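A.B. asks: See query.csv below, with CSV, C-alpha atoms.
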```
chain,number,residue,atom,x,y,z
A,1260,MET,CA,20.8,-6.2,17.5
A,1261,ALA,CA,18.4,-4.3,19.7
A,1262,SER,CA,15.0,-6.1,19.6
A,1263,HIS,CA,12.0,-4.1,18.7
A,1264,PRO,CA,8.9,-4.0,20.9
A,1265,PRO,CA,6.7,-7.0,20.1
A,1266,ALA,CA,3.7,-4.9,18.9
A,1267,PHE,CA,6.0,-3.4,16.4
A,1268,GLN,CA,7.5,-6.7,15.3
A,1269,SER,CA,4.0,-8.1,14.8
A,1270,LEU,CA,3.0,-5.2,12.6
A,1271,VAL,CA,6.2,-5.6,10.5
A,1272,GLU,CA,5.5,-9.3,10.0
A,1273,ASN,CA,1.9,-8.8,9.0
A,1274,LEU,CA,2.7,-6.0,6.6
A,1275,ALA,CA,5.4,-8.2,5.0
A,1276,ARG,CA,2.7,-10.7,4.2
A,1277,LEU,CA,1.2,-8.2,1.7
A,1278,PRO,CA,2.1,-8.7,-2.0
A,1279,GLY,CA,5.0,-6.6,-3.2
A,1280,VAL,CA,5.9,-5.7,0.4
A,1281,GLY,CA,9.2,-7.2,1.5
A,1282,ARG,CA,10.7,-7.1,5.0
A,1283,LYS,CA,12.5,-3.8,4.4
A,1284,SER,CA,9.5,-2.0,3.0
A,1285,ALA,CA,7.4,-3.4,5.9
A,1286,GLN,CA,9.8,-1.9,8.4
A,1287,ARG,CA,9.8,1.4,6.5
A,1288,LEU,CA,5.9,1.5,6.5
A,1289,ALA,CA,5.8,0.6,10.2
A,1290,PHE,CA,8.3,3.4,11.1
A,1291,HIS,CA,6.4,5.8,9.0
A,1292,LEU,CA,3.1,5.0,10.7
A,1293,LEU,CA,4.8,5.4,14.1
A,1294,LYS,CA,6.1,8.8,13.1
A,1295,SER,CA,2.8,10.0,11.6
A,1296,GLU,CA,-0.2,11.2,13.6
A,1297,PRO,CA,-1.9,8.3,15.4
A,1298,ALA,CA,-5.1,9.1,13.5
A,1299,LEU,CA,-3.7,7.4,10.4
A,1300,SER,CA,-2.9,4.1,12.1
A,1301,ALA,CA,-6.2,4.2,13.9
A,1302,ALA,CA,-8.2,4.8,10.7
A,1303,LEU,CA,-6.3,2.1,8.8
A,1304,GLY,CA,-6.8,-0.3,11.8
A,1305,ARG,CA,-10.6,0.4,11.8
A,1306,ASP,CA,-10.8,-0.1,8.0
A,1307,LEU,CA,-8.9,-3.4,8.2
A,1308,ALA,CA,-10.6,-4.8,11.2
A,1309,GLY,CA,-14.0,-4.2,9.7
A,1310,LEU,CA,-13.2,-5.1,6.1
A,1311,HIS,CA,-14.5,-8.6,5.8
A,1312,ALA,CA,-17.7,-7.7,7.8
A,1313,ARG,CA,-18.5,-4.7,5.6
A,1314,VAL,CA,-17.2,-5.8,2.1
A,1315,ARG,CA,-17.4,-9.1,0.5
A,1316,LEU,CA,-17.1,-10.7,-3.0
A,1317,CYS,CA,-20.4,-11.1,-4.7
A,1318,PRO,CA,-21.4,-14.7,-4.4
A,1319,ARG,CA,-22.5,-14.7,-8.0
A,1320,CYS,CA,-19.8,-12.8,-9.9
A,1321,SER,CA,-17.0,-12.2,-7.3
A,1322,TYR,CA,-17.1,-8.4,-7.8
A,1323,LEU,CA,-17.1,-6.2,-4.7
A,1324,ALA,CA,-20.4,-6.2,-2.8
A,1325,SER,CA,-21.7,-4.7,0.5
A,1326,GLY,CA,-25.1,-6.3,0.4
A,1327,GLU,CA,-26.4,-9.7,-0.8
A,1328,LEU,CA,-25.2,-9.3,-4.4
A,1329,CYS,CA,-23.0,-6.7,-6.0
A,1330,ALA,CA,-24.5,-3.5,-7.5
A,1331,ILE,CA,-24.2,-4.9,-11.0
A,1332,CYS,CA,-25.7,-8.4,-10.3
A,1333,GLY,CA,-28.5,-6.6,-8.2
A,1334,ASP,CA,-29.4,-4.2,-11.0
A,1335,PRO,CA,-32.3,-5.7,-13.0
A,1336,ARG,CA,-31.6,-3.4,-16.0
A,1337,ARG,CA,-28.3,-5.2,-16.7
A,1338,ASP,CA,-28.5,-7.8,-19.4
A,1339,GLY,CA,-27.9,-11.3,-18.0
A,1340,ARG,CA,-27.6,-12.8,-21.4
A,1341,VAL,CA,-24.1,-11.4,-21.9
A,1342,LEU,CA,-21.3,-12.3,-19.5
A,1343,CYS,CA,-18.0,-10.5,-19.5
A,1344,VAL,CA,-15.3,-12.6,-17.9
A,1345,VAL,CA,-12.4,-10.7,-16.3
A,1346,GLU,CA,-9.4,-11.7,-14.2
A,1347,ASP,CA,-9.7,-9.2,-11.4
A,1348,PRO,CA,-12.4,-7.0,-9.8
A,1349,ARG,CA,-10.4,-3.9,-11.0
A,1350,ASP,CA,-10.9,-5.0,-14.6
A,1351,VAL,CA,-14.7,-4.6,-14.0
A,1352,ASP,CA,-14.0,-0.9,-13.1
A,1353,VAL,CA,-12.0,-0.5,-16.3
A,1354,ILE,CA,-14.8,-1.8,-18.5
A,1355,GLU,CA,-17.5,0.0,-16.5
A,1356,ALA,CA,-15.6,3.3,-17.1
A,1357,THR,CA,-16.3,2.9,-20.9
A,1358,ALA,CA,-20.1,2.9,-20.2
A,1359,GLU,CA,-20.3,0.7,-23.3
A,1360,PHE,CA,-21.2,-2.6,-21.7
A,1361,ARG,CA,-24.7,-3.3,-20.3
A,1362,GLY,CA,-24.3,-7.0,-19.6
A,1363,ARG,CA,-23.0,-8.7,-16.4
A,1364,TYR,CA,-19.6,-9.8,-15.2
A,1365,HIS,CA,-17.8,-12.8,-14.0
A,1366,VAL,CA,-14.6,-12.3,-12.1
A,1367,LEU,CA,-12.2,-15.3,-12.2
A,1368,LEU,CA,-10.0,-14.0,-9.4
A,1369,GLY,CA,-6.9,-14.8,-11.4
A,1370,VAL,CA,-5.8,-16.6,-14.6
A,1371,LEU,CA,-4.4,-20.1,-15.1
A,1372,SER,CA,-0.7,-20.1,-14.2
A,1373,PRO,CA,0.8,-23.6,-13.8
A,1374,LEU,CA,4.1,-22.2,-12.6
A,1375,GLU,CA,2.4,-20.5,-9.7
A,1376,GLY,CA,0.2,-23.6,-9.0
A,1377,ILE,CA,-3.0,-21.8,-10.2
A,1378,GLY,CA,-5.3,-24.3,-11.9
A,1379,PRO,CA,-9.0,-24.1,-12.7
A,1380,GLY,CA,-9.8,-25.2,-9.1
A,1381,GLU,CA,-8.2,-22.0,-7.8
A,1382,LEU,CA,-10.3,-19.8,-10.1
A,1383,LYS,CA,-14.1,-19.2,-10.3
A,1384,VAL,CA,-14.3,-21.5,-13.3
A,1385,ARG,CA,-17.0,-23.9,-11.9
A,1386,GLU,CA,-19.2,-21.0,-11.1
A,1387,LEU,CA,-18.7,-19.6,-14.6
A,1388,VAL,CA,-19.7,-22.9,-16.2
A,1389,GLU,CA,-22.8,-23.0,-14.1
A,1390,ARG,CA,-23.8,-19.4,-15.1
A,1391,ALA,CA,-23.0,-20.0,-18.8
A,1392,GLY,CA,-25.5,-22.9,-18.9
A,1393,GLN,CA,-28.4,-20.7,-17.7
A,1394,GLY,CA,-29.6,-18.7,-20.8
A,1395,VAL,CA,-26.4,-16.9,-21.5
A,1396,GLU,CA,-26.0,-16.1,-25.2
A,1397,GLU,CA,-22.5,-14.6,-25.3
A,1398,VAL,CA,-19.5,-14.9,-23.1
A,1399,ILE,CA,-16.9,-12.1,-23.7
A,1400,LEU,CA,-13.5,-13.2,-22.5
A,1401,ALA,CA,-11.9,-9.8,-21.5
A,1402,LEU,CA,-8.6,-11.3,-20.3
A,1403,ASP,CA,-5.2,-9.7,-20.8
A,1404,PRO,CA,-3.6,-10.4,-24.1
A,1405,ASP,CA,-0.5,-12.2,-22.6
A,1406,VAL,CA,0.6,-15.8,-22.3
A,1407,GLU,CA,-1.5,-16.6,-19.2
A,1408,GLY,CA,-4.5,-14.6,-20.5
A,1409,ASP,CA,-4.4,-16.4,-23.9
A,1410,ALA,CA,-4.0,-19.8,-22.3
A,1411,THR,CA,-7.0,-19.2,-19.9
A,1412,ALA,CA,-9.1,-17.9,-22.8
A,1413,LEU,CA,-8.3,-21.0,-24.8
A,1414,TYR,CA,-9.2,-23.3,-21.9
A,1415,LEU,CA,-12.5,-21.4,-21.2
A,1416,THR,CA,-13.5,-21.4,-24.9
A,1417,ARG,CA,-13.2,-25.2,-25.0
A,1418,LEU,CA,-15.2,-25.5,-21.8
A,1419,LEU,CA,-17.9,-23.0,-22.7
A,1420,LYS,CA,-18.6,-23.5,-26.4
A,1421,PRO,CA,-20.3,-26.9,-25.9
A,1422,LEU,CA,-22.7,-25.3,-23.5
A,1423,GLY,CA,-24.3,-23.1,-26.2
A,1424,PRO,CA,-23.2,-19.4,-25.8
A,1425,ARG,CA,-21.0,-17.6,-28.4
A,1426,VAL,CA,-17.6,-17.1,-26.9
A,1427,THR,CA,-15.7,-14.0,-28.0
A,1428,ARG,CA,-12.5,-12.1,-27.0
A,1429,LEU,CA,-11.7,-8.4,-27.0
A,1430,ALA,CA,-10.2,-7.3,-30.3
A,1431,ALA,CA,-6.4,-7.3,-30.5
A,1432,GLY,CA,-4.8,-4.5,-32.5
A,1433,LEU,CA,-3.2,-1.1,-32.3
A,1434,PRO,CA,-4.2,1.0,-29.3
A,1435,GLN,CA,-5.9,4.3,-30.1
A,1436,GLY,CA,-3.4,7.1,-30.5
A,1437,SER,CA,-0.4,4.9,-30.8
A,1438,GLU,CA,2.2,5.0,-33.6
A,1439,LEU,CA,2.8,2.0,-35.9
A,1440,GLU,CA,6.5,2.8,-35.8
A,1441,TYR,CA,6.6,2.0,-32.1
A,1442,ALA,CA,4.2,-1.0,-32.0
A,1443,ASP,CA,5.7,-4.4,-31.2
A,1444,GLN,CA,5.7,-7.2,-33.8
A,1445,VAL,CA,3.0,-9.4,-32.2
A,1446,THR,CA,0.6,-6.4,-31.9
A,1447,VAL,CA,1.2,-5.5,-35.6
A,1448,ALA,CA,0.8,-9.1,-36.7
A,1449,ARG,CA,-2.5,-9.5,-34.8
A,1450,ALA,CA,-3.8,-6.1,-36.2
A,1451,LEU,CA,-2.9,-7.3,-39.7
A,1452,ALA,CA,-4.6,-10.7,-39.2
A,1453,SER,CA,-7.8,-9.0,-37.8
A,1454,ARG,CA,-7.9,-6.3,-40.4
A,1455,ARG,CA,-11.3,-4.9,-41.2
A,1456,GLU,CA,-12.8,-3.6,-44.4
B,339,MET,CA,-18.0,3.5,-13.2
B,340,ALA,CA,-19.4,1.1,-10.6
B,341,SER,CA,-18.8,2.7,-7.2
B,342,HIS,CA,-17.1,0.5,-4.6
B,343,PRO,CA,-18.5,-0.1,-1.1
B,344,PRO,CA,-17.7,2.9,1.2
B,345,ALA,CA,-15.7,0.6,3.6
B,346,PHE,CA,-13.5,-0.5,0.7
B,347,GLN,CA,-13.1,3.1,-0.6
B,348,SER,CA,-12.0,4.2,2.8
B,349,LEU,CA,-9.4,1.5,3.1
B,350,VAL,CA,-8.0,2.3,-0.4
B,351,GLU,CA,-7.8,6.0,0.5
B,352,ASN,CA,-6.0,5.4,3.8
B,353,LEU,CA,-3.6,2.9,2.2
B,354,ALA,CA,-2.7,5.5,-0.5
B,355,ARG,CA,-1.5,7.8,2.3
B,356,LEU,CA,1.4,5.5,3.0
B,357,PRO,CA,4.8,6.4,1.5
B,358,GLY,CA,5.4,4.6,-1.8
B,359,VAL,CA,1.8,3.4,-2.1
B,360,GLY,CA,-0.1,5.1,-5.0
B,361,ARG,CA,-3.8,4.8,-5.7
B,362,LYS,CA,-3.3,1.8,-7.9
B,363,SER,CA,-1.1,-0.1,-5.4
B,364,ALA,CA,-3.6,0.8,-2.7
B,365,GLN,CA,-6.4,-0.8,-4.7
B,366,ARG,CA,-4.3,-3.8,-5.4
B,367,LEU,CA,-3.5,-4.3,-1.7
B,368,ALA,CA,-7.1,-3.8,-0.7
B,369,PHE,CA,-8.3,-6.4,-3.2
B,370,HIS,CA,-5.6,-8.8,-2.0
B,371,LEU,CA,-6.7,-8.4,1.6
B,372,LEU,CA,-10.3,-9.0,0.6
B,373,LYS,CA,-9.4,-12.2,-1.3
B,374,SER,CA,-7.2,-13.4,1.5
B,375,GLU,CA,-8.4,-15.1,4.7
B,376,PRO,CA,-10.0,-12.6,7.0
B,377,ALA,CA,-7.4,-13.4,9.7
B,378,LEU,CA,-4.8,-11.3,7.9
B,379,SER,CA,-6.9,-8.1,7.8
B,380,ALA,CA,-8.0,-8.8,11.4
B,381,ALA,CA,-4.4,-9.2,12.6
B,382,LEU,CA,-3.2,-6.1,10.7
B,383,GLY,CA,-6.2,-4.1,12.0
B,384,ARG,CA,-5.4,-5.1,15.6
B,385,ASP,CA,-1.7,-4.2,15.2
B,386,LEU,CA,-2.4,-0.8,13.7
B,387,ALA,CA,-5.2,0.1,16.1
B,388,GLY,CA,-2.9,-0.6,19.0
B,389,LEU,CA,0.3,0.7,17.5
B,390,HIS,CA,0.6,4.1,19.2
B,391,ALA,CA,-0.6,2.8,22.5
B,392,ARG,CA,2.0,0.0,22.6
B,393,VAL,CA,4.9,1.4,20.8
B,394,ARG,CA,6.3,4.9,20.9
B,395,LEU,CA,9.5,6.8,20.1
B,396,CYS,CA,11.8,7.1,23.1
B,397,PRO,CA,11.4,10.7,24.4
B,398,ARG,CA,15.2,10.9,24.8
B,399,CYS,CA,16.6,9.4,21.6
B,400,SER,CA,13.6,8.8,19.3
B,401,TYR,CA,14.3,5.1,18.9
B,402,LEU,CA,11.5,2.6,19.4
B,403,ALA,CA,10.3,2.2,23.0
B,404,SER,CA,7.6,0.2,24.6
B,405,GLY,CA,8.2,1.5,28.2
B,406,GLU,CA,9.3,4.9,29.5
B,407,LEU,CA,12.6,4.9,27.7
B,408,CYS,CA,13.9,2.7,24.9
B,409,ALA,CA,15.9,-0.4,25.7
B,410,ILE,CA,19.2,1.4,25.0
B,411,CYS,CA,18.6,4.6,26.9
B,412,GLY,CA,17.3,2.4,29.8
B,413,ASP,CA,20.4,0.2,29.9
B,414,PRO,CA,22.8,1.6,32.5
B,415,ARG,CA,25.7,-0.3,30.9
B,416,ARG,CA,25.6,1.9,27.8
B,417,ASP,CA,28.1,4.7,27.7
B,418,GLY,CA,26.2,8.0,27.8
B,419,ARG,CA,29.4,10.0,27.0
B,420,VAL,CA,29.3,8.8,23.3
B,421,LEU,CA,26.3,9.7,21.2
B,422,CYS,CA,25.8,8.2,17.7
B,423,VAL,CA,23.5,10.4,15.6
B,424,VAL,CA,21.5,8.6,12.9
B,425,GLU,CA,18.8,9.6,10.5
B,426,ASP,CA,16.3,6.8,11.1
B,427,PRO,CA,15.4,4.3,13.8
B,428,ARG,CA,16.4,1.5,11.3
B,429,ASP,CA,20.0,2.9,11.3
B,430,VAL,CA,20.2,2.1,15.0
B,431,ASP,CA,19.6,-1.6,14.1
B,432,VAL,CA,22.3,-1.5,11.5
B,433,ILE,CA,24.9,-0.2,14.0
B,434,GLU,CA,23.7,-2.4,16.8
B,435,ALA,CA,24.1,-5.4,14.5
B,436,THR,CA,27.9,-4.8,14.5
B,437,ALA,CA,28.0,-5.1,18.3
B,438,GLU,CA,30.9,-2.6,18.1
B,439,PHE,CA,29.2,0.4,19.6
B,440,ARG,CA,28.5,0.7,23.4
B,441,GLY,CA,27.4,4.3,23.5
B,442,ARG,CA,23.9,5.7,23.1
B,443,TYR,CA,22.0,7.0,20.1
B,444,HIS,CA,20.2,10.0,18.9
B,445,VAL,CA,17.7,9.6,16.0
B,446,LEU,CA,17.1,12.8,14.0
B,447,LEU,CA,14.0,11.3,12.3
B,448,GLY,CA,15.2,12.6,8.9
B,449,VAL,CA,17.9,14.8,7.4
B,450,LEU,CA,17.9,18.4,6.2
B,451,SER,CA,16.3,18.7,2.9
B,452,PRO,CA,15.3,22.2,1.8
B,453,LEU,CA,13.6,20.9,-1.3
B,454,GLU,CA,11.2,18.8,0.8
B,455,GLY,CA,10.8,21.6,3.3
B,456,ILE,CA,12.7,19.8,6.0
B,457,GLY,CA,14.7,22.2,8.2
B,458,PRO,CA,16.2,21.8,11.6
B,459,GLY,CA,12.8,22.4,13.2
B,460,GLU,CA,11.4,19.3,11.6
B,461,LEU,CA,14.2,17.1,13.0
B,462,LYS,CA,15.3,16.3,16.6
B,463,VAL,CA,18.0,18.9,16.5
B,464,ARG,CA,17.1,20.9,19.6
B,465,GLU,CA,17.0,17.7,21.6
B,466,LEU,CA,20.4,16.7,20.3
B,467,VAL,CA,21.9,20.1,21.3
B,468,GLU,CA,20.4,19.7,24.8
B,469,ARG,CA,21.9,16.2,25.2
B,470,ALA,CA,25.3,17.2,23.7
B,471,GLY,CA,25.7,19.8,26.4
B,472,GLN,CA,25.3,17.3,29.2
B,473,GLY,CA,28.7,15.6,29.7
B,474,VAL,CA,28.9,14.1,26.1
B,475,GLU,CA,32.5,13.7,25.0
B,476,GLU,CA,32.0,12.5,21.4
B,477,VAL,CA,29.2,12.8,18.9
B,478,ILE,CA,29.5,10.4,16.0
B,479,LEU,CA,27.5,11.6,13.0
B,480,ALA,CA,26.5,8.3,11.3
B,481,LEU,CA,24.6,9.9,8.5
B,482,ASP,CA,24.4,8.6,4.9
B,483,PRO,CA,27.4,9.8,2.7
B,484,ASP,CA,25.1,11.6,0.2
B,485,VAL,CA,24.2,15.3,-0.4
B,486,GLU,CA,21.6,15.6,2.3
B,487,GLY,CA,23.7,13.6,4.8
B,488,ASP,CA,26.8,15.7,4.2
B,489,ALA,CA,24.8,18.9,4.5
B,490,THR,CA,23.2,17.8,7.7
B,491,ALA,CA,26.6,16.7,9.1
B,492,LEU,CA,28.1,20.0,8.3
B,493,TYR,CA,25.2,21.9,9.9
B,494,LEU,CA,25.4,19.7,13.1
B,495,THR,CA,29.2,20.0,13.3
B,496,ARG,CA,29.0,23.8,13.4
B,497,LEU,CA,26.2,23.6,16.0
B,498,LEU,CA,27.8,21.0,18.3
B,499,LYS,CA,31.5,21.9,18.2
B,500,PRO,CA,31.2,25.0,20.4
B,501,LEU,CA,29.4,22.9,23.1
B,502,GLY,CA,32.5,20.9,23.8
B,503,PRO,CA,32.3,17.4,22.4
B,504,ARG,CA,34.5,15.9,19.7
B,505,VAL,CA,32.4,15.6,16.5
B,506,THR,CA,33.3,12.7,14.2
B,507,ARG,CA,31.8,11.1,11.1
B,508,LEU,CA,31.9,7.5,9.9
B,509,ALA,CA,35.0,6.8,7.7
B,510,ALA,CA,34.4,7.1,4.0
B,511,GLY,CA,36.2,4.6,1.7
B,512,LEU,CA,36.0,1.4,-0.2
B,513,PRO,CA,33.4,-1.1,1.2
B,514,GLN,CA,34.8,-4.4,2.4
B,515,GLY,CA,34.9,-7.0,-0.4
B,516,SER,CA,34.4,-4.5,-3.1
B,517,GLU,CA,36.6,-4.1,-6.2
B,518,LEU,CA,38.5,-1.0,-7.0
B,519,GLU,CA,37.7,-1.4,-10.7
B,520,TYR,CA,33.9,-1.0,-10.0
B,521,ALA,CA,34.1,1.7,-7.3
B,522,ASP,CA,32.8,5.2,-8.3
B,523,GLN,CA,35.1,8.2,-8.5
B,524,VAL,CA,33.9,10.0,-5.4
B,525,THR,CA,34.4,6.9,-3.3
B,526,VAL,CA,37.9,6.3,-4.6
B,527,ALA,CA,38.8,10.0,-4.2
B,528,ARG,CA,37.6,9.9,-0.6
B,529,ALA,CA,39.4,6.6,0.1
B,530,LEU,CA,42.6,8.2,-1.3
B,531,ALA,CA,42.2,11.4,0.8
B,532,SER,CA,41.6,9.3,4.0
B,533,ARG,CA,44.4,6.8,3.3
B,534,ARG,CA,46.1,5.2,6.3
B,535,GLU,CA,49.6,4.0,7.0
```
Starting from the coordinates I provided, produce the structure as structure tokens.
C.D. replies:
Amino acid sequence: MASHPPAFQSLVENLARLPGVGRKSAQRLAFHLLKSEPALSAALGRDLAGLHARVRLCPRCSYLASGELCAICGDPRRDGRVLCVVEDPRDVDVIEATAEFRGRYHVLLGVLSPLEGIGPGELKVRELVERAGQGVEEVILALDPDVEGDATALYLTRLLKPLGPRVTRLAAGLPQGSELEYADQVTVARALASRRE
Amino acid sequence: MASHPPAFQSLVENLARLPGVGRKSAQRLAFHLLKSEPALSAALGRDLAGLHARVRLCPRCSYLASGELCAICGDPRRDGRVLCVVEDPRDVDVIEATAEFRGRYHVLLGVLSPLEGIGPGELKVRELVERAGQGVEEVILALDPDVEGDATALYLTRLLKPLGPRVTRLAAGLPQGSELEYADQVTVARALASRRE
């Protein structure tokens, strides 16, 4: 097999380290970049080289920050007495898009997953416990309603309750606009159990 | 919605320009890079920034080159009288891996695809015609056996035949180790039509 130029090999190997990018996709991406205008590689190269200098995770809540704190932690109008706990920085965007939440966030950077070797030490759990003990009145666990999300919520509830704050979860039920006929059993069972008057 | 730092936005937008990477995957990749050790972003940044300076497409055959010509065009032991035409630089690797071909290559950088607006002008067809007229005895069209590959092979055969060289295609038939029972109709029909004694 003809060997590729070392600079190309190195690019393929580094691309293959990204999640969801196998060796074949890495090669496909690298060839695409080589065929495209050099401006695209140059722009991506600049963005990546400067990423960690220009963007970081907020030391308080782990959301994206360019300054000392993220825009939400740095905003004095946000209510520090309510903490919304999410798995990923992208979940913050989802909740912010509703414009219904005026509290602050805490990004765990993952959920408990023993199979993948992710325990509380791999997540921002210690930081959450510290914050929850400082005048927080409610912790909303906005974790995905799946096995890992449920397990993580249970774990955090046991950890946080003794510290004082109310611990709540997002309501489980039928999504808006959905049809009962097509809903799965667990969703229907949960909606039934949480029925309102 | 909370706005992301501009450096992060820029990275997401540039990642989303890659094939097969939508806006959601671009965000996922960018968050992953931010969470990972800075060394990964730095290495990728270096690779990308230097890509077009260190690697280029061979001006003769469009395979990967780091010097003036690619390793195959620059190798005097390769037989310039046989040209193997492929769609993509990766196809060169596939054929080289067999160690059965001692000629040279010509990478089209695509196949004809009117629906995607890819005509002969978008491919390295003019360059192929030039090379084929210079003492080439056989042109092997090693294009994929699908609609676009077949159409491109037909087009190139008509173009190249009058110039003198034999024009051949890879044999179509049952792949080694496969079972007749699971082969599709077109493959069986082709294998039947091309049966050997």
A.B. asks: Using all atoms listed in the file, which residue out of B:Ala368, B:Ala354, B:Ala435, B:Val474 lies closest to chain A?
C.D. replies: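 Closest to chain A, using all atoms listed in the file: B:Ala435.
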A.B. asks: When you look at Pro483 (chain B) with a cut-off of 12 Å (counting all atoms listed in the file), what residues show up, excluding the ones that are within fewer than 6 positions of it in the same chain? I need them as a JSON list (two decimals) with C-alpha atoms, in the coordinates of the input.
C.D. replies:
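Saved result, part-v3.json, follows:
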```json
[["chain", "number", "residue", "atom", "x", "y", "z"],
["B", 424, "VAL", "CA", 21.50, 8.60, 12.90],
["B", 425, "GLU", "CA", 18.80, 9.60, 10.50],
["B", 449, "VAL", "CA", 17.90, 14.80, 7.40],
["B", 489, "ALA", "CA", 24.80, 18.90, 4.50],
["B", 490, "THR", "CA", 23.20, 17.80, 7.70],
["B", 491, "ALA", "CA", 26.60, 16.70, 9.10],
["B", 492, "LEU", "CA", 28.10, 20.00, 8.30],
["B", 507, "ARG", "CA", 31.80, 11.10, 11.10],
["B", 508, "LEU", "CA", 31.90, 7.50, 9.90],
["B", 509, "ALA", "CA", 35.00, 6.80, 7.70],
["B", 510, "ALA", "CA", 34.40, 7.10, 4.00],
["B", 511, "GLY", "CA", 36.20, 4.60, 1.70],
["B", 524, "VAL", "CA", 33.90, 10.00, -5.40],
["B", 525, "THR", "CA", 34.40, 6.90, -3.30],
["B", 528, "ARG", "CA", 37.60, 9.90, -0.60]]
```
A.B. asks: In Å, rounded to a single decimal, give me how far CA of Ala364 (chain B) is from CA of Glu351 (chain B).
C.D. replies: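 Interatomic distance, CA of Glu351 (chain B) to CA of Ala364 (chain B): 7.4 Å.
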A.B. asks: Can you list every residue of chain B that has an atom at most 8 Å from chain A, with its nearest atom pair and the distance in Å to one decimal, using only C-alpha atoms, ordered by chain then number, as a Markdown table?
C.D. replies:
```
| residue | atom | partner | partner_atom | distance |
| --- | --- | --- | --- | --- |
| B:Met339 | CA | A:Ala1356 | CA | 4.6 |
| B:Ala340 | CA | A:Asp1352 | CA | 6.3 |
| B:His342 | CA | A:Leu1323 | CA | 6.7 |
| B:Pro343 | CA | A:Ser1325 | CA | 5.8 |
| B:Ala345 | CA | A:Arg1313 | CA | 6.3 |
| B:Phe346 | CA | A:Val1314 | CA | 6.6 |
| B:Ser348 | CA | A:Asp1306 | CA | 6.9 |
| B:Leu349 | CA | A:Asp1306 | CA | 5.3 |
| B:Asn352 | CA | A:Leu1303 | CA | 6.0 |
| B:Leu353 | CA | A:Leu1303 | CA | 7.2 |
| B:Leu356 | CA | A:Leu1288 | CA | 7.0 |
| B:Pro357 | CA | A:Leu1288 | CA | 7.1 |
| B:Leu367 | CA | A:Leu1277 | CA | 7.0 |
| B:Phe369 | CA | A:Pro1348 | CA | 7.8 |
| B:His370 | CA | A:Pro1278 | CA | 7.7 |
| B:Leu371 | CA | A:Leu1277 | CA | 7.9 |
| B:Leu372 | CA | A:His1311 | CA | 6.7 |
| B:Pro376 | CA | A:His1311 | CA | 6.1 |
| B:Leu378 | CA | A:Asn1273 | CA | 7.2 |
| B:Ser379 | CA | A:Leu1307 | CA | 5.1 |
| B:Ala380 | CA | A:Ala1308 | CA | 4.8 |
| B:Ala381 | CA | A:Asn1273 | CA | 7.3 |
| B:Leu382 | CA | A:Asn1273 | CA | 6.0 |
| B:Gly383 | CA | A:Gly1304 | CA | 3.9 |
| B:Arg384 | CA | A:Gly1304 | CA | 6.3 |
| B:Asp385 | CA | A:Leu1270 | CA | 5.5 |
| B:Leu386 | CA | A:Gly1304 | CA | 4.8 |
| B:Ala387 | CA | A:Gly1304 | CA | 4.6 |
| B:Gly388 | CA | A:Ala1301 | CA | 7.7 |
| B:Leu389 | CA | A:Ala1266 | CA | 6.7 |
| B:His390 | CA | A:Pro1297 | CA | 6.2 |
| B:Arg392 | CA | A:Ala1266 | CA | 6.4 |
| B:Val393 | CA | A:Phe1267 | CA | 6.6 |
| B:Arg394 | CA | A:Leu1293 | CA | 7.0 |
| B:Leu395 | CA | A:Leu1293 | CA | 7.7 |
| B:Leu402 | CA | A:His1263 | CA | 6.8 |
| B:Ala403 | CA | A:Pro1264 | CA | 6.7 |
| B:Ser404 | CA | A:Pro1264 | CA | 5.7 |
| B:Ala409 | CA | A:Ala1261 | CA | 7.6 |
| B:Ile410 | CA | A:Ala1261 | CA | 7.8 |
| B:Pro427 | CA | A:Phe1290 | CA | 7.6 |
| B:Arg428 | CA | A:Gln1286 | CA | 8.0 |
| B:Asp431 | CA | A:Met1260 | CA | 5.8 |
| B:Val432 | CA | A:Met1260 | CA | 7.8 |
| B:Glu434 | CA | A:Met1260 | CA | 4.8 |
| B:Ala435 | CA | A:Met1260 | CA | 4.5 |
| B:Thr436 | CA | A:Met1260 | CA | 7.8 |
| B:Ala437 | CA | A:Met1260 | CA | 7.3 |
```
A.B. asks: Pick out the residues sitting within 10 Å of Ala470 (chain B), and hand them over as number ranges by chain; count all atoms listed in the file, and ignore anything fewer than 2 positions along from it in its own chain.
C.D. replies: B: 419-421, 464-468, 472-477, 498-499, 501-503
A.B. asks: What separation in Å, quoted to one decimal, exists between CA of Ile1377 (chain A) and CA of Arg1363 (chain A)?
C.D. replies: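 Computed distance, CA of Ile1377 (chain A) to CA of Arg1363 (chain A), equals 24.7 Å.
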A.B. asks: Separation of CA of Pro1421 (chain A) and CA of Gly1392 (chain A), in Å?
C.D. replies: 9.6 Å
A.B. asks: Hey, which of A:Leu1415, A:Leu1328, A:Val1426, A:Leu1451 ends up closest to Leu1371 (chain A)? Count all atoms listed in the file.
C.D. replies: A:Leu1415
A.B. asks: Can you work out which one of A:Arg1361, A:Cys1320, A:Glu1407, A:Glu1440 has the shortest atom-to-atom distance to Val1384 (chain A), counting all atoms listed in the file?
C.D. replies: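 Closest to Val1384 (chain A) of all the choices is A:Cys1320.
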